[in-house]
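model_30.txt (compact mmCIF, C-alpha atoms)
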```
# COMPACT_ATOMS: atom_id res chain seq x y z
CA MET A 95 58.52 -52.11 -52.00
CA GLU A 96 56.65 -54.52 -49.79
CA LYS A 97 54.17 -51.80 -48.95
CA ALA A 98 53.59 -51.08 -52.63
CA ILE A 99 52.89 -54.75 -53.30
CA LYS A 100 50.51 -54.99 -50.37
CA SER A 101 48.59 -51.91 -51.42
CA SER A 102 47.44 -53.61 -54.62
CA GLY A 103 46.98 -56.99 -52.99
CA PHE A 104 48.75 -60.32 -53.36
CA VAL A 105 48.56 -63.97 -54.38
CA HIS A 106 50.27 -66.38 -51.96
CA HIS A 107 50.31 -70.14 -51.40
CA SER A 108 48.71 -71.46 -48.23
CA THR A 109 51.68 -73.58 -47.20
CA ASP A 110 53.91 -70.48 -47.28
CA VAL A 111 52.17 -69.55 -44.02
CA GLU A 112 53.40 -71.43 -40.98
CA GLY A 113 50.83 -73.57 -39.20
CA GLN A 114 50.19 -73.25 -35.46
CA LEU A 115 48.92 -76.04 -33.24
CA MET A 116 45.47 -75.52 -31.66
CA ASP A 117 43.98 -77.15 -28.58
CA GLY A 118 42.63 -80.53 -29.73
CA GLY A 119 45.43 -81.10 -32.23
CA ALA A 120 44.19 -79.14 -35.24
CA SER A 121 46.57 -76.82 -37.11
CA ILE A 122 45.73 -73.25 -38.11
CA ARG A 123 47.27 -70.98 -40.72
CA TRP A 124 46.32 -67.30 -40.53
CA LEU A 125 46.24 -66.53 -44.26
CA ILE A 126 44.98 -62.93 -44.32
CA THR A 127 44.87 -60.66 -41.27
CA HIS A 128 45.04 -57.02 -40.17
CA ARG A 129 48.80 -57.28 -40.65
CA ASP A 130 48.12 -57.55 -44.39
CA GLY A 131 45.82 -54.54 -44.29
CA ALA A 132 42.53 -56.43 -43.86
CA GLU A 133 40.16 -54.25 -41.86
CA ASN A 134 37.01 -56.32 -41.49
CA TYR A 135 37.66 -60.09 -41.37
CA SER A 136 40.44 -62.66 -41.39
CA MET A 137 40.73 -65.86 -43.47
CA ARG A 138 42.36 -68.93 -41.88
CA LEU A 139 43.06 -72.45 -43.15
CA ILE A 140 42.47 -75.15 -40.55
CA THR A 141 43.63 -78.75 -41.00
CA VAL A 142 42.54 -81.55 -38.68
CA GLU A 143 43.86 -85.07 -38.93
CA LYS A 144 41.53 -88.01 -38.39
CA GLY A 145 40.98 -88.48 -34.64
CA LYS A 146 41.97 -84.92 -33.75
CA SER A 147 39.74 -81.93 -33.02
CA THR A 148 39.33 -78.21 -33.18
CA PRO A 149 38.76 -76.57 -29.77
CA HIS A 150 35.33 -77.12 -28.22
CA HIS A 151 34.55 -73.67 -26.91
CA HIS A 152 32.50 -70.52 -27.43
CA HIS A 153 33.29 -66.87 -27.92
CA ASP A 154 31.53 -63.63 -28.77
CA TYR A 155 32.28 -63.71 -32.52
CA GLU A 156 31.03 -65.80 -35.42
CA HIS A 157 32.65 -68.34 -37.76
CA GLU A 158 31.94 -68.83 -41.46
CA ILE A 159 33.48 -72.15 -42.54
CA TYR A 160 33.86 -74.04 -45.82
CA ILE A 161 34.98 -77.67 -45.82
CA ILE A 162 37.50 -78.17 -48.64
CA SER A 163 38.04 -81.89 -48.08
CA GLY A 164 37.50 -84.57 -45.45
CA LYS A 165 34.76 -85.32 -42.94
CA VAL A 166 34.13 -83.94 -39.45
CA ARG A 167 31.54 -84.34 -36.72
CA VAL A 168 30.37 -80.83 -35.88
CA THR A 169 28.88 -79.86 -32.54
CA LEU A 170 26.78 -76.67 -32.56
CA GLY A 171 25.09 -76.02 -29.24
CA ASP A 172 23.02 -79.14 -28.47
CA SER A 173 23.10 -80.44 -32.05
CA THR A 174 25.57 -82.64 -33.92
CA TYR A 175 26.09 -82.77 -37.67
CA ILE A 176 28.38 -84.47 -40.15
CA ALA A 177 30.13 -82.04 -42.51
CA LYS A 178 32.00 -83.12 -45.64
CA ALA A 179 33.67 -81.54 -48.65
CA ASP A 180 31.71 -78.59 -50.06
CA ASP A 181 29.56 -78.20 -46.96
CA PHE A 182 29.58 -74.81 -45.28
CA ILE A 183 28.90 -73.92 -41.68
CA PHE A 184 27.67 -70.78 -39.96
CA ILE A 185 28.39 -70.52 -36.25
CA PRO A 186 26.84 -67.39 -34.71
CA PRO A 187 28.49 -65.62 -31.76
CA ASN A 188 28.29 -67.33 -28.35
CA VAL A 189 27.30 -70.77 -29.70
CA GLU A 190 29.30 -73.63 -28.17
CA HIS A 191 31.04 -75.45 -31.02
CA GLY A 192 33.78 -77.89 -31.94
CA MET A 193 34.74 -80.38 -34.61
CA ASP A 194 36.08 -83.93 -34.36
CA ALA A 195 37.68 -85.26 -37.53
CA GLU A 196 36.48 -88.60 -38.88
CA GLU A 197 38.83 -88.18 -41.86
CA ASP A 198 41.77 -85.85 -42.48
CA THR A 199 39.99 -82.54 -43.07
CA ARG A 200 40.84 -79.12 -44.43
CA MET A 201 38.62 -76.07 -44.07
CA ILE A 202 38.53 -72.32 -44.52
CA CYS A 203 37.35 -70.49 -41.38
CA VAL A 204 36.70 -66.74 -41.43
CA VAL A 205 36.51 -64.58 -38.28
CA PRO A 206 35.99 -60.86 -37.65
CA ILE A 207 39.20 -58.86 -37.57
CA LYS A 208 38.65 -58.15 -33.86
CA ALA A 209 39.24 -61.86 -33.20
CA ALA A 210 42.46 -61.83 -35.22
CA LYS A 211 43.72 -58.80 -33.27
CA MET A 212 42.77 -60.40 -29.96
CA ILE A 213 44.43 -63.74 -30.74
CA LEU A 214 47.49 -62.55 -32.68
CA GLY A 215 47.99 -59.09 -31.19
CA GLU A 216 48.14 -55.92 -33.25
CA MET B 87 11.38 -73.16 -35.57
CA GLU B 88 13.51 -71.85 -38.39
CA LYS B 89 14.62 -68.99 -36.18
CA ALA B 90 15.66 -71.41 -33.44
CA ILE B 91 17.76 -73.39 -35.90
CA LYS B 92 19.41 -70.27 -37.25
CA SER B 93 20.25 -68.97 -33.80
CA SER B 94 22.57 -71.91 -33.15
CA GLY B 95 23.95 -72.00 -36.67
CA PHE B 96 23.74 -74.54 -39.48
CA VAL B 97 25.57 -76.96 -41.77
CA HIS B 98 24.47 -76.85 -45.42
CA HIS B 99 25.80 -78.16 -48.73
CA SER B 100 27.07 -75.62 -51.24
CA THR B 101 25.02 -76.96 -54.16
CA ASP B 102 21.84 -76.47 -52.12
CA VAL B 103 22.33 -72.76 -52.86
CA GLU B 104 21.33 -71.70 -56.37
CA GLY B 105 24.09 -70.28 -58.54
CA GLN B 106 23.73 -66.92 -60.27
CA LEU B 107 25.49 -65.95 -63.48
CA MET B 108 28.03 -63.10 -63.24
CA ASP B 109 29.38 -60.82 -65.98
CA GLY B 110 32.16 -62.79 -67.67
CA GLY B 111 30.40 -66.14 -67.32
CA ALA B 112 31.38 -67.12 -63.77
CA SER B 113 28.72 -68.45 -61.40
CA ILE B 114 28.28 -67.26 -57.82
CA ARG B 115 26.56 -68.88 -54.85
CA TRP B 116 25.94 -66.66 -51.82
CA LEU B 117 26.49 -69.23 -49.07
CA ILE B 118 26.21 -67.11 -45.92
CA THR B 119 24.76 -63.58 -45.84
CA HIS B 120 22.97 -61.09 -43.60
CA ARG B 121 19.79 -63.06 -44.34
CA ASP B 122 21.30 -65.87 -42.27
CA GLY B 123 22.17 -63.51 -39.45
CA ALA B 124 25.75 -62.75 -40.51
CA GLU B 125 26.58 -59.21 -39.42
CA ASN B 126 30.15 -58.65 -40.60
CA TYR B 127 31.02 -60.56 -43.79
CA SER B 128 29.55 -62.87 -46.41
CA MET B 129 30.99 -66.12 -47.83
CA ARG B 130 30.40 -66.92 -51.51
CA LEU B 131 31.43 -69.84 -53.73
CA ILE B 132 32.45 -68.79 -57.23
CA THR B 133 32.94 -71.27 -60.08
CA VAL B 134 34.54 -70.32 -63.39
CA GLU B 135 34.79 -72.68 -66.33
CA LYS B 136 37.92 -72.70 -68.46
CA GLY B 137 37.80 -69.74 -70.85
CA LYS B 138 35.33 -67.75 -68.75
CA SER B 139 35.98 -64.90 -66.32
CA THR B 140 34.93 -63.12 -63.19
CA PRO B 141 34.05 -59.44 -63.72
CA HIS B 142 37.02 -57.14 -64.29
CA HIS B 143 36.08 -54.16 -62.14
CA HIS B 144 36.79 -52.32 -58.91
CA HIS B 145 34.76 -51.32 -55.88
CA ASP B 146 35.23 -49.79 -52.45
CA TYR B 147 35.38 -53.10 -50.54
CA GLU B 148 37.92 -55.89 -50.29
CA HIS B 149 37.98 -59.57 -51.32
CA GLU B 150 39.60 -62.45 -49.45
CA ILE B 151 39.75 -65.44 -51.80
CA TYR B 152 40.86 -69.07 -51.51
CA ILE B 153 41.27 -71.21 -54.64
CA ILE B 154 39.82 -74.66 -53.95
CA SER B 155 40.68 -76.16 -57.33
CA GLY B 156 41.67 -75.10 -60.84
CA LYS B 157 43.88 -72.39 -62.30
CA VAL B 158 43.15 -68.73 -63.05
CA ARG B 159 45.05 -65.75 -64.38
CA VAL B 160 44.54 -62.98 -61.81
CA THR B 161 44.78 -59.29 -62.63
CA LEU B 162 45.41 -56.99 -59.64
CA GLY B 163 45.97 -53.40 -60.67
CA ASP B 164 48.87 -53.42 -63.14
CA SER B 165 50.08 -56.90 -62.14
CA THR B 166 49.14 -60.37 -63.35
CA TYR B 167 49.52 -63.62 -61.42
CA ILE B 168 48.65 -67.27 -61.84
CA ALA B 169 46.64 -68.71 -58.94
CA LYS B 170 46.05 -72.43 -58.41
CA ALA B 171 44.57 -74.76 -55.79
CA ASP B 172 45.46 -73.71 -52.24
CA ASP B 173 46.57 -70.23 -53.23
CA PHE B 174 44.87 -67.33 -51.51
CA ILE B 175 44.37 -63.79 -52.72
CA PHE B 176 43.86 -60.49 -50.94
CA ILE B 177 42.34 -57.70 -53.01
CA PRO B 178 42.16 -54.41 -51.06
CA PRO B 179 39.37 -51.90 -51.70
CA ASN B 180 39.49 -49.91 -54.95
CA VAL B 181 42.01 -52.19 -56.69
CA GLU B 182 41.04 -53.09 -60.27
CA HIS B 183 40.79 -56.88 -60.46
CA GLY B 184 39.49 -59.82 -62.44
CA MET B 185 40.19 -63.49 -63.13
CA ASP B 186 40.33 -65.46 -66.35
CA ALA B 187 40.09 -69.22 -65.93
CA GLU B 188 42.76 -71.37 -67.56
CA GLU B 189 41.14 -74.46 -66.05
CA ASP B 190 37.71 -75.03 -64.46
CA THR B 191 38.13 -73.26 -61.12
CA ARG B 192 36.30 -73.09 -57.81
CA MET B 193 37.02 -70.51 -55.13
CA ILE B 194 35.72 -69.08 -51.89
CA CYS B 195 35.39 -65.28 -51.96
CA VAL B 196 34.50 -63.31 -48.82
CA VAL B 197 33.16 -59.75 -48.88
CA PRO B 198 32.02 -57.31 -46.17
CA ILE B 199 28.34 -57.59 -45.31
CA LYS B 200 27.77 -54.09 -46.74
CA ALA B 201 28.56 -55.53 -50.18
CA ALA B 202 26.10 -58.39 -49.71
CA LYS B 203 23.37 -55.94 -48.68
CA MET B 204 24.15 -53.66 -51.63
CA ILE B 205 24.14 -56.49 -54.19
CA LEU B 206 21.34 -58.67 -52.80
CA GLY B 207 19.22 -56.06 -51.01
CA GLU B 208 18.27 -56.29 -47.35
```
This entry written out as structure tokens:
Amino acid sequence: MEKAIKSSGFVHHSTDVEGQLMDGGASIRWLITHRDGAENYSMRLITVEKGKSTPHHHHDYEHEIYIISGKVRVTLGDSTYIAKADDFIFIPPNVEHGMDAEEDTRMICVVPIKAAKMILGE
Amino acid sequence: MEKAIKSSGFVHHSTDVEGQLMDGGASIRWLITHRDGAENYSMRLITVEKGKSTPHHHHDYEHEIYIISGKVRVTLGDSTYIAKADDFIFIPPNVEHGMDAEEDTRMICVVPIKAAKMILGE
């Protein structure tokens, strides 16, 4: 039955997915992954409270991010930006990046499915 | 210079991207595509006013959707759901789908880059 439901897709609520703590204090919810049948990319919801951060790091895959609410200071390589609600961010592979929240912030962050498999396992 | 900026990514505002009208009356903004250097998937912002719709159709690629605000009736194959703010939706390839807005609604919708290239051209 579950398989039949998954094969035609689903509608779920974001808080039905358990959040996991990231380095820096942000929380991540893996909304859609290979475990749901996604083959190409994975959608996550990241929440960062004021004063906390997402990891400052780099890796060989890209991020596509949409800020739902809040305000963060974004580091991309040698540059710094302020991103607020309804801003979007493209972080190419291998670019050093991180975000420091100036207000409580919520964002969608999409990664290739290879990253989901690497981080979560198969 | 533009190339240098793109190579380390960017932060832009969603309304800086021009909206395009879709069948059914929804509006779509292609936020991040292959033209920005994205190689795997493309992030779009779709807005649907109350009483209007996204196209009811099917295609050989998937959608990963996050509802930012509003309320839509979602058709997935033979099933119908209500989706509201902070719900997310997975639509696998080849599943008939469409949305009818019961309130003004905004959503992020991610597609494989092959779909962006097919719809927008190279």
Once chain A has been least-squares superposed onto chain B, matching all their Cα atoms in order, can you return it as a JSON list (two decimals) with C-alpha atoms, keeping the file's coordinate frame?
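Result written to superposed.json:
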```
[["chain", "number", "residue", "atom", "x", "y", "z"],
["A", 95, "MET", "CA", 11.49, -73.42, -35.81],
["A", 96, "GLU", "CA", 13.64, -72.06, -38.58],
["A", 97, "LYS", "CA", 14.61, -69.16, -36.38],
["A", 98, "ALA", "CA", 15.63, -71.51, -33.58],
["A", 99, "ILE", "CA", 17.84, -73.48, -35.96],
["A", 100, "LYS", "CA", 19.44, -70.33, -37.32],
["A", 101, "SER", "CA", 20.18, -68.98, -33.87],
["A", 102, "SER", "CA", 22.55, -71.85, -33.15],
["A", 103, "GLY", "CA", 23.94, -71.96, -36.66],
["A", 104, "PHE", "CA", 23.74, -74.50, -39.47],
["A", 105, "VAL", "CA", 25.56, -76.93, -41.74],
["A", 106, "HIS", "CA", 24.46, -76.81, -45.39],
["A", 107, "HIS", "CA", 25.78, -78.14, -48.70],
["A", 108, "SER", "CA", 27.06, -75.61, -51.22],
["A", 109, "THR", "CA", 25.01, -76.95, -54.12],
["A", 110, "ASP", "CA", 21.82, -76.44, -52.09],
["A", 111, "VAL", "CA", 22.32, -72.74, -52.85],
["A", 112, "GLU", "CA", 21.31, -71.69, -56.33],
["A", 113, "GLY", "CA", 24.07, -70.27, -58.50],
["A", 114, "GLN", "CA", 23.73, -66.90, -60.25],
["A", 115, "LEU", "CA", 25.49, -65.94, -63.46],
["A", 116, "MET", "CA", 28.04, -63.09, -63.22],
["A", 117, "ASP", "CA", 29.36, -60.83, -65.95],
["A", 118, "GLY", "CA", 32.13, -62.79, -67.69],
["A", 119, "GLY", "CA", 30.38, -66.13, -67.31],
["A", 120, "ALA", "CA", 31.36, -67.12, -63.77],
["A", 121, "SER", "CA", 28.72, -68.45, -61.37],
["A", 122, "ILE", "CA", 28.28, -67.25, -57.79],
["A", 123, "ARG", "CA", 26.57, -68.87, -54.83],
["A", 124, "TRP", "CA", 25.93, -66.63, -51.81],
["A", 125, "LEU", "CA", 26.49, -69.19, -49.06],
["A", 126, "ILE", "CA", 26.22, -67.07, -45.90],
["A", 127, "THR", "CA", 24.78, -63.55, -45.82],
["A", 128, "HIS", "CA", 22.97, -61.05, -43.60],
["A", 129, "ARG", "CA", 19.81, -63.02, -44.33],
["A", 130, "ASP", "CA", 21.32, -65.85, -42.26],
["A", 131, "GLY", "CA", 22.17, -63.46, -39.44],
["A", 132, "ALA", "CA", 25.77, -62.71, -40.49],
["A", 133, "GLU", "CA", 26.61, -59.18, -39.40],
["A", 134, "ASN", "CA", 30.16, -58.62, -40.59],
["A", 135, "TYR", "CA", 31.03, -60.53, -43.78],
["A", 136, "SER", "CA", 29.56, -62.84, -46.40],
["A", 137, "MET", "CA", 31.00, -66.09, -47.81],
["A", 138, "ARG", "CA", 30.40, -66.90, -51.50],
["A", 139, "LEU", "CA", 31.43, -69.83, -53.71],
["A", 140, "ILE", "CA", 32.46, -68.79, -57.21],
["A", 141, "THR", "CA", 32.93, -71.28, -60.05],
["A", 142, "VAL", "CA", 34.51, -70.32, -63.37],
["A", 143, "GLU", "CA", 34.77, -72.68, -66.30],
["A", 144, "LYS", "CA", 37.89, -72.71, -68.44],
["A", 145, "GLY", "CA", 37.77, -69.74, -70.84],
["A", 146, "LYS", "CA", 35.30, -67.76, -68.74],
["A", 147, "SER", "CA", 35.97, -64.91, -66.31],
["A", 148, "THR", "CA", 34.91, -63.14, -63.18],
["A", 149, "PRO", "CA", 34.05, -59.45, -63.71],
["A", 150, "HIS", "CA", 37.01, -57.13, -64.30],
["A", 151, "HIS", "CA", 36.08, -54.18, -62.15],
["A", 152, "HIS", "CA", 36.79, -52.32, -58.92],
["A", 153, "HIS", "CA", 34.75, -51.32, -55.91],
["A", 154, "ASP", "CA", 35.24, -49.79, -52.49],
["A", 155, "TYR", "CA", 35.39, -53.09, -50.57],
["A", 156, "GLU", "CA", 37.95, -55.88, -50.30],
["A", 157, "HIS", "CA", 37.99, -59.55, -51.32],
["A", 158, "GLU", "CA", 39.60, -62.44, -49.45],
["A", 159, "ILE", "CA", 39.75, -65.44, -51.79],
["A", 160, "TYR", "CA", 40.85, -69.08, -51.49],
["A", 161, "ILE", "CA", 41.27, -71.21, -54.61],
["A", 162, "ILE", "CA", 39.81, -74.67, -53.93],
["A", 163, "SER", "CA", 40.67, -76.17, -57.31],
["A", 164, "GLY", "CA", 41.65, -75.12, -60.83],
["A", 165, "LYS", "CA", 43.86, -72.40, -62.27],
["A", 166, "VAL", "CA", 43.14, -68.75, -63.04],
["A", 167, "ARG", "CA", 45.04, -65.75, -64.37],
["A", 168, "VAL", "CA", 44.53, -62.99, -61.82],
["A", 169, "THR", "CA", 44.77, -59.31, -62.64],
["A", 170, "LEU", "CA", 45.41, -57.01, -59.65],
["A", 171, "GLY", "CA", 45.96, -53.41, -60.68],
["A", 172, "ASP", "CA", 48.87, -53.44, -63.15],
["A", 173, "SER", "CA", 50.07, -56.92, -62.15],
["A", 174, "THR", "CA", 49.12, -60.40, -63.35],
["A", 175, "TYR", "CA", 49.50, -63.64, -61.42],
["A", 176, "ILE", "CA", 48.64, -67.29, -61.84],
["A", 177, "ALA", "CA", 46.63, -68.72, -58.94],
["A", 178, "LYS", "CA", 46.04, -72.44, -58.40],
["A", 179, "ALA", "CA", 44.56, -74.74, -55.78],
["A", 180, "ASP", "CA", 45.46, -73.72, -52.22],
["A", 181, "ASP", "CA", 46.57, -70.23, -53.23],
["A", 182, "PHE", "CA", 44.87, -67.33, -51.51],
["A", 183, "ILE", "CA", 44.37, -63.79, -52.71],
["A", 184, "PHE", "CA", 43.87, -60.48, -50.94],
["A", 185, "ILE", "CA", 42.34, -57.70, -53.01],
["A", 186, "PRO", "CA", 42.17, -54.41, -51.08],
["A", 187, "PRO", "CA", 39.37, -51.89, -51.71],
["A", 188, "ASN", "CA", 39.50, -49.91, -54.97],
["A", 189, "VAL", "CA", 42.02, -52.20, -56.72],
["A", 190, "GLU", "CA", 41.03, -53.10, -60.28],
["A", 191, "HIS", "CA", 40.79, -56.89, -60.47],
["A", 192, "GLY", "CA", 39.49, -59.83, -62.46],
["A", 193, "MET", "CA", 40.17, -63.49, -63.11],
["A", 194, "ASP", "CA", 40.31, -65.47, -66.35],
["A", 195, "ALA", "CA", 40.08, -69.23, -65.94],
["A", 196, "GLU", "CA", 42.75, -71.39, -67.56],
["A", 197, "GLU", "CA", 41.11, -74.48, -66.02],
["A", 198, "ASP", "CA", 37.70, -75.04, -64.44],
["A", 199, "THR", "CA", 38.12, -73.26, -61.10],
["A", 200, "ARG", "CA", 36.30, -73.08, -57.80],
["A", 201, "MET", "CA", 37.02, -70.50, -55.11],
["A", 202, "ILE", "CA", 35.72, -69.07, -51.86],
["A", 203, "CYS", "CA", 35.39, -65.27, -51.96],
["A", 204, "VAL", "CA", 34.51, -63.31, -48.82],
["A", 205, "VAL", "CA", 33.17, -59.73, -48.86],
["A", 206, "PRO", "CA", 32.04, -57.29, -46.16],
["A", 207, "ILE", "CA", 28.37, -57.55, -45.30],
["A", 208, "LYS", "CA", 27.79, -54.06, -46.74],
["A", 209, "ALA", "CA", 28.58, -55.50, -50.19],
["A", 210, "ALA", "CA", 26.12, -58.35, -49.69],
["A", 211, "LYS", "CA", 23.39, -55.89, -48.67],
["A", 212, "MET", "CA", 24.16, -53.64, -51.63],
["A", 213, "ILE", "CA", 24.15, -56.46, -54.18],
["A", 214, "LEU", "CA", 21.36, -58.65, -52.78],
["A", 215, "GLY", "CA", 19.24, -56.05, -50.99],
["A", 216, "GLU", "CA", 18.30, -56.26, -47.34]]
```
*Which chain B residues are at most 9 Å from chain A (counting all atoms listed in the file), as a PyMOL selection string?*
chain B and resi 92-101+117-118+122-129+148+150-152+154+160+162-165+167-182+194+196-198
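CA of Ser113 in chain B lies 14.6 Å from CA of Gly156 in chain B.
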*Hey, can you check how far CA of Asp198 in chain A sits from CA of Gln114 in chain A?*
16.7 Å
*How many Å separate CA of Arg200 in chain A from CA of Val158 in chain B?*
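That distance, rounded to one decimal, is 21.4 Å.
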*Between B:Ala112, B:Ile205, B:Met193, B:Leu107, which has the minimum distance to Ser139 in chain B (counting all atoms listed in the file)?*
B:Ala112
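Around His150 in chain A, within 9 Å and counting all atoms listed in the file, the residues found are Asp117, Gly118, Ser147, Thr148, His152, Thr169, Glu190, His191, Gly192 and Met193 of chain A, once anything fewer than 2 positions away on its own chain is removed.
Nearest to Arg123 in chain A of all the residues A:Gly145, A:Cys203, A:Glu216, A:Asp194 is A:Cys203, based on all atoms listed in the file.
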*Closest to Thr133 in chain B among B:Val103, B:Glu188, B:Ile114, B:Met204, using only C-alpha atoms?*
B:Ile114
*asked:* Between B:His120, B:Glu104, B:His143, B:Arg159, which residue has the minimum interatomic distance to Ala202 in chain B, considering only C-alpha atoms?
replied: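 Using only C-alpha atoms, the shortest distance to Ala202 in chain B belongs to B:His120.
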